[in-house]
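Take a look at the structure below.
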Amino acid sequence: MKMPNVVSCDVTQCAYNTNNRCHAMAITIGDGSHPQCDTFCQENTSGGDPEAIAGVGACKVSSCVYNQNLECQAEQIRVGPSGDEADCLTFESY
Ligand code: SF4
Ligand code: SF4
């Protein structure tokens with residue numbers, strides 16, 4: 001398996017976000033059937049490694065076509081705002 005990258009994230013209020021890129025080492029997506037970013041964090045401090053582009057370390061949304069064994073196997077993913085949350089915009093239901 002290969003770990004896909006988070007190519008963009010428009011949730012600029014997240015501590016891991018700089019210039020619409022996620023700089024966590026890896027993120028976790030999903031809570032049951034909803035594809036939200038579980039790593040989303042609103043802190044005043046900057047998070048992650050500014051040199052790193054995040055990968056998707058795990059995804060708990062087994063109903064997505066890209067999910068294999070609770071890992072994401074999309075080429076890459078995009079994340080964006082959804083109300084007060086952050087969602088995987090690459091999610092595609094079976
Ligand atoms: S919301 Fe998720 S994908 Fe976006 S910057 Fe924060 S941790 Fe990264
Ligand atoms: S594309 Fe699908 S499998 Fe990949 S992180 Fe998003 S919801 Fe999970």
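In the structure tokens, each chain is lettered A, B, ... as it comes, each chain's residues begin at 1, and ligands are numbered from 1 in order of appearance.
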
Kindly provide the residues of stretch 53-93 of chain A that approach stretch 14-22 of chain A to within 12 Å, each paired with its closest atom pair and their distance in Å to one decimal, based on only C-alpha atoms, listed by chain and increasing number, as JSON lines.
```
{"residue": "A:Ile53", "atom": "CA", "partner": "A:Cys22", "partner_atom": "CA", "distance": 6.0}
{"residue": "A:Ala54", "atom": "CA", "partner": "A:Cys22", "partner_atom": "CA", "distance": 5.6}
{"residue": "A:Gly55", "atom": "CA", "partner": "A:Cys22", "partner_atom": "CA", "distance": 8.9}
{"residue": "A:Val56", "atom": "CA", "partner": "A:Cys22", "partner_atom": "CA", "distance": 10.7}
{"residue": "A:Ile77", "atom": "CA", "partner": "A:Cys22", "partner_atom": "CA", "distance": 11.2}
{"residue": "A:Arg78", "atom": "CA", "partner": "A:Arg21", "partner_atom": "CA", "distance": 9.7}
{"residue": "A:Val79", "atom": "CA", "partner": "A:Cys22", "partner_atom": "CA", "distance": 9.1}
{"residue": "A:Gly80", "atom": "CA", "partner": "A:Asn20", "partner_atom": "CA", "distance": 9.5}
{"residue": "A:Pro81", "atom": "CA", "partner": "A:Cys14", "partner_atom": "CA", "distance": 10.3}
{"residue": "A:Asp84", "atom": "CA", "partner": "A:Cys14", "partner_atom": "CA", "distance": 10.9}
{"residue": "A:Glu85", "atom": "CA", "partner": "A:Cys14", "partner_atom": "CA", "distance": 9.9}
{"residue": "A:Ala86", "atom": "CA", "partner": "A:Cys14", "partner_atom": "CA", "distance": 9.0}
```

Using all heavy atoms, can you write the selected residues to a file as a short mmCIF file (atom, residue, chain, number, x, y, z; two decimals), in the first residue's frame?
```
data_model
loop_
_atom_site.label_atom_id
_atom_site.label_comp_id
_atom_site.auth_asym_id
_atom_site.auth_seq_id
_atom_site.Cartn_x
_atom_site.Cartn_y
_atom_site.Cartn_z
N ILE A 53 4.51 17.52 3.71
CA ILE A 53 3.15 17.50 3.17
C ILE A 53 2.49 16.26 3.76
O ILE A 53 3.03 15.15 3.66
CB ILE A 53 3.16 17.42 1.63
CG1 ILE A 53 3.78 18.68 1.03
CG2 ILE A 53 1.75 17.20 1.08
CD1 ILE A 53 3.02 19.96 1.29
N ALA A 54 1.33 16.45 4.37
CA ALA A 54 0.70 15.36 5.11
C ALA A 54 0.32 14.19 4.21
O ALA A 54 -0.06 14.37 3.05
CB ALA A 54 -0.54 15.88 5.81
N GLY A 55 0.38 13.00 4.78
CA GLY A 55 -0.19 11.82 4.17
C GLY A 55 -1.46 11.43 4.92
O GLY A 55 -1.74 11.96 5.99
N VAL A 56 -2.21 10.50 4.34
CA VAL A 56 -3.40 9.99 5.03
C VAL A 56 -2.97 8.70 5.74
O VAL A 56 -2.80 7.65 5.12
CB VAL A 56 -4.56 9.70 4.05
CG1 VAL A 56 -5.80 9.27 4.81
CG2 VAL A 56 -4.85 10.94 3.21
N ILE A 77 -5.71 13.16 -1.81
CA ILE A 77 -7.01 13.67 -1.35
C ILE A 77 -6.96 15.18 -1.17
O ILE A 77 -5.89 15.78 -1.03
CB ILE A 77 -7.51 13.00 -0.05
CG1 ILE A 77 -6.74 13.49 1.18
CG2 ILE A 77 -7.48 11.48 -0.14
CD1 ILE A 77 -7.49 13.30 2.48
N ARG A 78 -8.15 15.77 -1.15
CA ARG A 78 -8.33 17.19 -0.85
C ARG A 78 -9.24 17.29 0.37
O ARG A 78 -10.17 16.50 0.51
CB ARG A 78 -8.99 17.92 -2.02
CG ARG A 78 -8.13 17.93 -3.25
CD ARG A 78 -8.77 18.64 -4.43
NE ARG A 78 -7.95 18.47 -5.61
CZ ARG A 78 -6.87 19.20 -5.87
NH1 ARG A 78 -6.52 20.17 -5.06
NH2 ARG A 78 -6.14 18.97 -6.94
N VAL A 79 -8.96 18.27 1.19
CA VAL A 79 -9.77 18.50 2.40
C VAL A 79 -10.31 19.93 2.33
O VAL A 79 -9.63 20.84 1.83
CB VAL A 79 -8.93 18.27 3.67
CG1 VAL A 79 -9.73 18.60 4.93
CG2 VAL A 79 -8.43 16.83 3.73
N GLY A 80 -11.53 20.12 2.81
CA GLY A 80 -12.13 21.45 2.80
C GLY A 80 -13.12 21.61 3.93
O GLY A 80 -13.47 20.65 4.62
N PRO A 81 -13.58 22.85 4.15
CA PRO A 81 -14.50 23.12 5.25
C PRO A 81 -15.88 22.50 5.03
O PRO A 81 -16.34 22.37 3.89
CB PRO A 81 -14.61 24.65 5.27
CG PRO A 81 -13.86 25.17 4.13
CD PRO A 81 -13.27 24.03 3.36
N ASP A 84 -18.47 23.70 10.80
CA ASP A 84 -17.35 23.93 11.72
C ASP A 84 -16.31 22.84 11.63
O ASP A 84 -15.35 22.81 12.41
CB ASP A 84 -17.87 23.99 13.17
CG ASP A 84 -18.69 25.24 13.40
OD1 ASP A 84 -18.57 26.18 12.60
OD2 ASP A 84 -19.46 25.26 14.38
N GLU A 85 -16.50 21.91 10.71
CA GLU A 85 -15.60 20.76 10.62
C GLU A 85 -14.77 20.84 9.35
O GLU A 85 -14.89 21.78 8.56
CB GLU A 85 -16.44 19.46 10.56
CG GLU A 85 -17.42 19.27 11.67
CD GLU A 85 -16.81 18.58 12.87
OE1 GLU A 85 -15.84 17.83 12.68
OE2 GLU A 85 -17.31 18.80 13.99
N ALA A 86 -13.92 19.84 9.16
CA ALA A 86 -13.12 19.70 7.94
C ALA A 86 -13.42 18.34 7.36
O ALA A 86 -13.39 17.34 8.08
CB ALA A 86 -11.65 19.81 8.30
#
```

Pick out each residue of stretch 12-43 of chain A that DSSP on the backbone tags as strand (DSSP E); I need them as number ranges by chain.
A: 17-18, 21-22, 26-31, 34-37

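Among A:Asn5, A:Ser93, A:Gln13, A:Thr39, the residue with the shortest atom-to-atom distance to A:Cys64, counting only C-alpha atoms, is A:Ser93.
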
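Near A:Cys72, within 10 Å and counting only C-alpha atoms, sit Met1, Lys2, Met3, Pro4, Asn5, Thr28, Ile29, Gly55, Val56, Gly57, Ala58, Cys59, Lys60, Val61, Ser62, Cys64, Val65, Tyr66 and Phe91 of chain A, not including residues fewer than 6 positions from it in the same chain.
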
Could you save the residues just selected, with all heavy atoms, as a compact mmCIF listing (two decimals), in the first residue's frame?
```txt
# COMPACT_ATOMS: atom_id res chain seq x y z
N MET A 1 0.84 -1.20 0.00
CA MET A 1 0.00 0.00 0.00
C MET A 1 0.88 1.25 0.00
O MET A 1 1.95 1.27 0.59
CB MET A 1 -0.88 0.03 1.25
CG MET A 1 -2.08 -0.89 1.19
SD MET A 1 -3.09 -0.69 2.67
CE MET A 1 -4.52 -1.67 2.22
N LYS A 2 0.35 2.28 -0.67
CA LYS A 2 1.05 3.57 -0.65
C LYS A 2 0.20 4.58 0.13
O LYS A 2 -1.02 4.53 0.06
CB LYS A 2 1.24 4.08 -2.08
CG LYS A 2 2.50 3.51 -2.72
CD LYS A 2 2.70 3.96 -4.14
CE LYS A 2 2.18 5.34 -4.49
NZ LYS A 2 2.34 5.63 -5.92
N MET A 3 0.86 5.46 0.81
CA MET A 3 0.11 6.47 1.58
C MET A 3 -0.14 7.68 0.68
O MET A 3 0.80 8.31 0.21
CB MET A 3 0.90 6.88 2.82
CG MET A 3 0.13 7.82 3.71
SD MET A 3 0.77 7.93 5.40
CE MET A 3 2.30 8.77 5.15
N PRO A 4 -1.42 8.02 0.42
CA PRO A 4 -1.70 9.19 -0.42
C PRO A 4 -1.42 10.50 0.32
O PRO A 4 -1.50 10.55 1.55
CB PRO A 4 -3.20 9.06 -0.71
CG PRO A 4 -3.75 8.18 0.34
CD PRO A 4 -2.63 7.32 0.86
N ASN A 5 -1.10 11.52 -0.43
CA ASN A 5 -0.87 12.84 0.16
C ASN A 5 -2.16 13.65 0.23
O ASN A 5 -3.09 13.42 -0.54
CB ASN A 5 0.13 13.64 -0.69
CG ASN A 5 1.55 13.19 -0.45
OD1 ASN A 5 1.88 12.65 0.60
ND2 ASN A 5 2.39 13.41 -1.44
N THR A 28 -5.69 11.50 10.13
CA THR A 28 -6.69 10.43 10.19
C THR A 28 -8.02 11.00 9.75
O THR A 28 -8.41 12.08 10.18
CB THR A 28 -6.81 9.88 11.63
OG1 THR A 28 -5.55 9.38 12.03
CG2 THR A 28 -7.83 8.76 11.70
N ILE A 29 -8.67 10.28 8.85
CA ILE A 29 -9.99 10.69 8.35
C ILE A 29 -11.05 9.74 8.88
O ILE A 29 -10.82 8.53 8.92
CB ILE A 29 -10.02 10.68 6.80
CG1 ILE A 29 -9.06 11.68 6.20
CG2 ILE A 29 -11.44 10.89 6.26
CD1 ILE A 29 -9.47 13.14 6.30
N GLY A 55 0.38 13.00 4.78
CA GLY A 55 -0.19 11.82 4.17
C GLY A 55 -1.46 11.43 4.92
O GLY A 55 -1.74 11.96 5.99
N VAL A 56 -2.21 10.50 4.34
CA VAL A 56 -3.40 9.99 5.03
C VAL A 56 -2.97 8.70 5.74
O VAL A 56 -2.80 7.65 5.12
CB VAL A 56 -4.56 9.70 4.05
CG1 VAL A 56 -5.80 9.27 4.81
CG2 VAL A 56 -4.85 10.94 3.21
N GLY A 57 -2.75 8.81 7.04
CA GLY A 57 -2.25 7.67 7.82
C GLY A 57 -3.29 6.59 8.01
O GLY A 57 -2.96 5.41 8.07
N ALA A 58 -4.55 7.00 8.11
CA ALA A 58 -5.63 6.04 8.32
C ALA A 58 -6.96 6.69 7.94
O ALA A 58 -7.09 7.91 8.04
CB ALA A 58 -5.69 5.59 9.78
N CYS A 59 -7.88 5.87 7.49
CA CYS A 59 -9.24 6.36 7.21
C CYS A 59 -10.25 5.33 7.67
O CYS A 59 -10.19 4.16 7.27
CB CYS A 59 -9.43 6.65 5.71
SG CYS A 59 -11.15 7.13 5.39
N LYS A 60 -11.19 5.78 8.49
CA LYS A 60 -12.17 4.87 9.10
C LYS A 60 -13.49 4.81 8.34
O LYS A 60 -14.46 4.28 8.86
CB LYS A 60 -12.42 5.31 10.56
CG LYS A 60 -11.16 5.15 11.42
CD LYS A 60 -11.38 5.68 12.82
CE LYS A 60 -11.05 7.16 12.88
NZ LYS A 60 -11.28 7.75 14.22
N VAL A 61 -13.51 5.37 7.12
CA VAL A 61 -14.76 5.40 6.34
C VAL A 61 -14.77 4.25 5.34
O VAL A 61 -14.39 4.40 4.18
CB VAL A 61 -14.93 6.76 5.63
CG1 VAL A 61 -16.30 6.84 4.97
CG2 VAL A 61 -14.77 7.90 6.61
N SER A 62 -15.21 3.09 5.78
CA SER A 62 -15.16 1.91 4.92
C SER A 62 -16.15 2.00 3.77
O SER A 62 -16.04 1.24 2.80
CB SER A 62 -15.42 0.64 5.74
OG SER A 62 -16.69 0.74 6.33
N CYS A 64 -16.32 4.35 1.61
CA CYS A 64 -15.74 5.10 0.49
C CYS A 64 -15.12 4.12 -0.52
O CYS A 64 -14.47 3.15 -0.12
CB CYS A 64 -14.68 6.08 1.01
SG CYS A 64 -13.85 6.99 -0.31
N VAL A 65 -15.28 4.43 -1.80
CA VAL A 65 -14.74 3.55 -2.84
C VAL A 65 -13.21 3.45 -2.78
O VAL A 65 -12.63 2.48 -3.27
CB VAL A 65 -15.15 4.00 -4.27
CG1 VAL A 65 -16.64 3.85 -4.48
CG2 VAL A 65 -14.71 5.42 -4.57
N TYR A 66 -12.56 4.44 -2.19
CA TYR A 66 -11.10 4.44 -2.13
C TYR A 66 -10.55 3.74 -0.88
O TYR A 66 -9.35 3.66 -0.70
CB TYR A 66 -10.57 5.88 -2.16
CG TYR A 66 -10.92 6.59 -3.43
CD1 TYR A 66 -11.83 7.65 -3.44
CD2 TYR A 66 -10.35 6.21 -4.64
CE1 TYR A 66 -12.16 8.29 -4.62
CE2 TYR A 66 -10.68 6.85 -5.82
CZ TYR A 66 -11.58 7.89 -5.79
OH TYR A 66 -11.92 8.53 -6.97
N PHE A 91 -13.93 11.93 -0.84
CA PHE A 91 -14.85 10.86 -0.47
C PHE A 91 -15.85 10.59 -1.58
O PHE A 91 -16.45 11.51 -2.13
CB PHE A 91 -15.61 11.26 0.81
CG PHE A 91 -16.77 10.36 1.13
CD1 PHE A 91 -16.57 9.08 1.60
CD2 PHE A 91 -18.08 10.80 0.93
CE1 PHE A 91 -17.64 8.25 1.89
CE2 PHE A 91 -19.15 9.98 1.22
CZ PHE A 91 -18.94 8.71 1.71
```

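The space between atom CA of A:Ser33 and atom CA of A:Val7 spans 22.4 Å.
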
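Distance check against ligand 2 using only C-alpha atoms and all ligand atoms: of A:Gly30, A:Ala52, A:Asn44, A:Asp38, the minimum falls on A:Gly30.
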
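Between atom 1 (S, counted along the ligand's line) of ligand 1 and atom CA of A:Met25 the separation is 12.6 Å.
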
Between A:Glu92, A:Glu75, A:Asp87, A:Glu51, which one has atoms that come closest to ligand 1, using only C-alpha atoms and all ligand atoms?
A:Asp87
